[in-house]
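Next up, run_20.txt (compact mmCIF, C-alpha atoms):
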```txt
# COMPACT_ATOMS: atom_id res chain seq x y z
CA MET A 1 106.44 140.04 80.79
CA ILE A 2 103.40 137.96 81.75
CA GLU A 3 102.35 138.34 85.36
CA PRO A 4 101.96 135.01 87.21
CA LEU A 5 98.40 134.16 88.21
CA THR A 6 97.75 134.96 91.85
CA LEU A 7 96.09 131.98 93.46
CA LYS A 8 93.37 132.41 96.06
CA PRO A 9 93.69 129.90 98.94
CA VAL A 10 90.46 127.95 99.44
CA GLN A 11 89.81 125.04 101.82
CA VAL A 12 88.09 122.67 99.37
CA ASP A 13 85.85 119.75 100.35
CA TRP A 14 87.69 117.25 98.14
CA GLN A 15 85.27 114.38 98.77
CA SER A 16 82.21 116.29 97.57
CA LEU A 17 84.16 117.81 94.67
CA TRP A 18 85.21 114.30 93.57
CA GLU A 19 81.63 113.05 93.95
CA ALA A 20 80.40 115.89 91.73
CA VAL A 21 82.52 114.56 88.87
CA ILE A 22 82.01 110.84 89.47
CA GLN A 23 78.23 111.07 89.92
CA ARG A 24 77.76 112.55 86.47
CA ASN A 25 77.80 108.94 85.27
CA HIS A 26 74.60 108.19 87.21
CA PRO A 27 71.20 108.32 85.49
CA TYR A 28 70.02 111.52 87.18
CA THR A 29 71.17 114.87 85.91
CA HIS A 30 72.57 117.65 88.01
CA CYS A 31 74.72 120.76 87.87
CA ASP A 32 77.44 121.12 90.44
CA PHE A 33 79.03 124.37 91.53
CA LEU A 34 82.02 125.17 93.69
CA ASP A 35 81.54 127.98 96.19
CA THR A 36 84.93 129.70 95.95
CA GLU A 37 84.39 131.40 99.33
CA THR A 38 83.60 128.31 101.42
CA GLY A 39 85.11 125.53 99.29
CA GLN A 40 81.82 123.63 99.45
CA THR A 41 80.21 121.88 96.49
CA ILE A 42 76.63 122.78 95.70
CA PHE A 43 74.60 120.05 93.99
CA LEU A 44 71.62 121.36 92.01
CA HIS A 45 69.30 118.88 90.35
CA GLU A 46 68.40 119.80 86.77
CA GLU A 47 64.75 120.01 87.85
CA VAL A 48 65.62 122.84 90.25
CA VAL A 49 67.71 124.68 87.64
CA GLY A 50 64.92 124.30 85.07
CA ARG A 51 62.34 125.66 87.50
CA ILE A 52 64.47 128.74 88.21
CA ARG A 53 64.98 129.45 84.52
CA ASN A 54 61.28 129.01 83.66
CA GLU A 55 59.81 130.43 86.83
CA SER A 56 56.16 131.41 87.08
CA ALA A 57 53.75 131.67 89.98
CA TYR A 58 51.69 128.71 88.71
CA VAL A 59 54.72 126.46 88.30
CA ASN A 60 56.01 127.31 91.80
CA ARG A 61 52.72 126.30 93.45
CA MET A 62 53.10 122.86 91.90
CA LEU A 63 56.64 122.22 93.12
CA PRO A 64 57.49 119.12 95.14
CA PRO A 65 58.90 119.92 98.63
CA TRP A 66 62.45 118.84 97.77
CA VAL A 67 62.54 121.35 94.88
CA LYS A 68 61.15 124.16 97.06
CA GLU A 69 63.91 123.54 99.62
CA ASP A 70 66.65 123.99 97.00
CA LEU A 71 65.17 127.04 95.25
CA PRO A 72 66.72 129.81 97.42
CA LYS A 73 70.25 128.43 97.09
CA ALA A 74 69.72 127.75 93.37
CA ARG A 75 68.54 131.32 92.82
CA GLN A 76 71.62 132.63 94.62
CA VAL A 77 74.02 130.45 92.61
CA LEU A 78 72.42 131.07 89.21
CA ALA A 79 72.13 134.84 89.78
CA ASP A 80 75.79 135.21 90.81
CA LYS A 81 77.71 137.68 88.63
CA THR A 82 80.81 137.88 90.84
CA GLY A 83 82.35 134.51 89.98
CA ARG A 84 81.84 133.18 93.49
CA TYR A 85 80.15 130.04 92.14
CA LEU A 86 81.98 128.07 89.47
CA LEU A 87 80.36 125.31 87.45
CA ILE A 88 82.43 122.21 88.11
CA PRO A 89 83.58 120.71 84.82
CA GLU A 90 84.30 117.08 84.13
CA PRO A 91 87.08 115.48 82.13
CA ASP A 92 86.16 114.94 78.51
CA SER A 93 86.04 111.44 77.02
CA ASP A 94 89.61 111.74 75.67
CA GLU A 95 90.89 112.50 79.18
CA TRP A 96 88.94 109.58 80.68
CA TYR A 97 90.29 107.33 77.92
CA ARG A 98 93.86 108.47 78.67
CA ALA A 99 93.31 107.69 82.39
CA ARG A 100 92.27 104.15 81.47
CA LEU A 101 95.32 103.75 79.24
CA ASP A 102 97.56 105.01 82.04
CA PHE A 103 95.99 102.49 84.40
CA THR A 104 96.99 99.60 82.13
CA CYS A 105 100.62 100.43 83.03
CA HIS A 106 99.93 100.36 86.77
CA PRO A 107 102.43 98.07 88.57
CA GLU A 108 99.65 95.98 90.16
CA VAL A 109 98.18 95.10 86.74
CA SER A 110 99.53 91.80 85.42
CA MET A 111 100.64 91.47 81.80
CA ASP A 112 97.64 89.26 81.02
CA MET A 113 95.22 91.78 82.55
CA ARG A 114 97.02 94.64 80.81
CA LEU A 115 96.47 92.97 77.43
CA ARG A 116 92.80 92.31 78.23
CA LEU A 117 92.25 95.94 79.26
CA LEU A 118 94.06 97.28 76.19
CA ASP A 119 91.97 95.02 73.98
CA ALA A 120 88.81 96.30 75.70
CA LEU A 121 89.86 99.90 75.02
CA ASP A 122 90.09 99.33 71.28
CA GLY A 123 87.17 100.75 69.30
CA SER A 124 83.60 101.80 69.99
CA GLY A 125 82.15 100.88 73.39
CA ALA A 126 85.59 100.89 75.01
CA PHE A 127 84.50 102.18 78.43
CA ARG A 128 81.73 99.58 78.73
CA ARG A 129 84.14 96.76 77.77
CA PHE A 130 86.80 98.12 80.14
CA GLN A 131 84.26 97.98 83.01
CA ALA A 132 83.26 94.43 81.99
CA VAL A 133 86.87 93.26 82.22
CA LEU A 134 87.18 94.84 85.67
CA ARG A 135 83.91 93.25 86.82
CA ASP A 136 85.51 89.84 86.30
CA ALA A 137 88.63 90.81 88.30
CA PRO A 138 87.65 92.20 91.74
CA GLN A 139 91.22 92.85 92.92
CA VAL A 140 92.07 94.80 89.79
CA ARG A 141 88.74 96.62 90.15
CA LYS A 142 89.74 97.81 93.62
CA CYS A 143 93.04 98.99 92.23
CA TRP A 144 91.22 100.83 89.40
CA ASP A 145 88.84 102.49 91.87
CA SER A 146 91.78 103.89 93.85
CA PHE A 147 93.63 104.91 90.70
CA GLU A 148 90.53 106.60 89.25
CA LYS A 149 89.91 108.58 92.44
CA GLU A 150 93.52 109.74 92.66
CA TRP A 151 93.56 110.60 88.93
CA THR A 152 90.29 112.56 89.24
CA LEU A 153 91.54 114.49 92.27
CA LYS A 154 94.72 115.46 90.39
CA TRP A 155 92.60 116.52 87.40
CA LEU A 156 90.41 118.64 89.71
CA HIS A 157 93.50 120.15 91.35
CA SER A 158 94.76 121.20 87.93
CA TRP A 159 91.36 122.72 87.09
CA LEU A 160 91.30 124.65 90.38
CA ARG A 161 94.74 126.10 89.69
CA SER A 162 93.63 127.09 86.18
CA VAL A 163 90.77 129.16 87.66
CA GLY A 164 93.00 130.82 90.26
CA ILE A 165 92.35 128.64 93.29
CA ASP A 166 95.08 127.24 95.50
CA ALA A 167 93.80 124.14 97.29
CA ALA A 168 96.12 121.61 98.85
CA LEU A 169 95.65 118.24 97.18
CA PRO A 170 94.76 115.56 99.73
CA ALA A 171 97.31 112.83 100.40
CA PRO A 172 96.55 109.71 98.36
CA ASN A 173 95.16 106.68 100.14
CA ARG A 174 97.79 103.98 100.01
CA ARG A 175 96.75 100.42 100.68
CA SER A 176 99.26 98.03 102.12
CA LYS A 177 100.23 95.41 99.58
CA ARG A 178 99.24 91.87 100.45
CA ARG A 179 101.26 89.13 98.89
```

Any chance you could give the structure as structure tokens?
Amino acid sequence: MIEPLTLKPVQVDWQSLWEAVIQRNHPYTHCDFLDTETGQTIFLHEEVVGRIRNESAYVNRMLPPWVKEDLPKARQVLADKTGRYLLIPEPDSDEWYRARLDFTCHPEVSMDMRLRLLDALDGSGAFRRFQAVLRDAPQVRKCWDSFEKEWTLKWLHSWLRSVGIDAALPAPNRRSKRR
């Protein structure tokens, strides 16, 4: 008989965990880790990680102040062998695509908009076209933003459970419908 996975309760900072996944789409590169003791997210810029991995006395003298400030925490995170710090993953492109498909069935999306979004999702460049359709429809864009956040939080909750962490999923933000 397979033993059930014992989940460790952790008070997770859901906002910063969500930001770690969403901000991966921005032009700067970073690695994000979850501290499984405190529930906090640790953002490490790739410059800091690179400096730790290729450390030398000469290189460290030339560091900008913001890199020097992050070095002690980065050393601690990257040297961890206990599993305290987990690299936060992100959904792969198939999962993001599925989220967009699911959104097309959202009750607040009209049939016309649904067809436009489905058309945008067909073929290469689908995410860019999907965003372009939303840019022209601010109300639907707001709805997508809420849907995407809720979807991402559920995805993160599933990931946490898969690595043995029990964190209560925050209640979804519900907007009052205006008609």

Exercise. Could you give me, as a ChimeraX atom specification, the residues within 12 Å of Arg98 of chain A, counting all atoms listed in the file and dropping anything in the same chain fewer than 3 positions from it?
Key: /A:91-95,101-105,118,121,126-127,148,151-152,155

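Within the 9 Å cut-off around Cys143 of chain A, using only C-alpha atoms and omitting residues fewer than 5 positions from it on the same chain, the listed residues are His106, Glu108, Val109, Pro138 and Glu148 of chain A.
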
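Of the residues under consideration (A:Leu17, A:Ile22, A:Leu7, A:Val49), A:Ile22 shows the shortest atom-to-atom contact distance to Trp96 of chain A when counting all atoms listed in the file.
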
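Between atom CA of His45 of chain A and atom CA of Glu19 of chain A there is a distance of 14.1 Å.
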
Practice problem: Write out as a list in words the residues lying within 12 Å of Thr82 of chain A, counting all atoms listed in the file and excluding same-chain residues fewer than 5 positions away. | Solution: Asp35, Thr36, Glu37, Gln76 and Val77 of chain A

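Rounded to one decimal, atom CA of Pro9 of chain A and atom CA of Phe33 of chain A lie 17.3 Å from each other.
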
Quiz item: By how many Å are atom CA of Thr29 of chain A and atom CA of Asp13 of chain A apart?
Solution: 21.2 Å

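Nearest to Ile165 of chain A of all the residues A:Ser146, A:Gln23, A:Gln11, A:Gln131 is A:Gln11, counting only C-alpha atoms.
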
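For the set A:Lys142, A:Arg161, A:Arg114, A:Arg53, the residue with the smallest atom-to-atom gap to Arg100 of chain A is A:Arg114, counting only C-alpha atoms.
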
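Residues lying at most 10 Å from (69.0, 117.6, 85.1) in file coordinates, with only C-alpha atoms considered, are Pro27, Tyr28, Thr29, His30, Cys31, Leu44, His45, Glu46, Glu47, Val48, Val49 and Gly50 of chain A.
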
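Distances to Ala167 of chain A were evaluated for A:Asp145, A:Phe130, A:Tyr85, A:Lys8 using all atoms listed in the file, and the minimum falls at A:Lys8.
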
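Minimum atom-to-atom distance to His157 of chain A, evaluated using all atoms listed in the file, belongs to A:Ile88 out of A:Gly125, A:Arg51, A:Ile88, A:Ala99.
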
Could you give me, as a tab-separated table, a per-residue list for segment 64-163 of chain A showing, wherever an atom lies at most 8 Å from an atom of segment 168-172 of chain A, the closest pair of atoms and their distance in Å to one decimal, using all atoms listed in the file and sorting by chain then residue number from low to high?
```
residue	atom	partner	partner_atom	distance
A:Glu150	CA	A:Pro172	CA	6.5
A:Leu153	CA	A:Leu169	CA	7.4
A:Lys154	CA	A:Leu169	CA	7.4
A:His157	CA	A:Leu169	CA	6.5
```

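The shortest atom-to-atom distance to Leu78 of chain A, with all atoms listed in the file taken into account, belongs to A:Ile52 out of A:Ser158, A:Ile52, A:Asp122, A:Met113.
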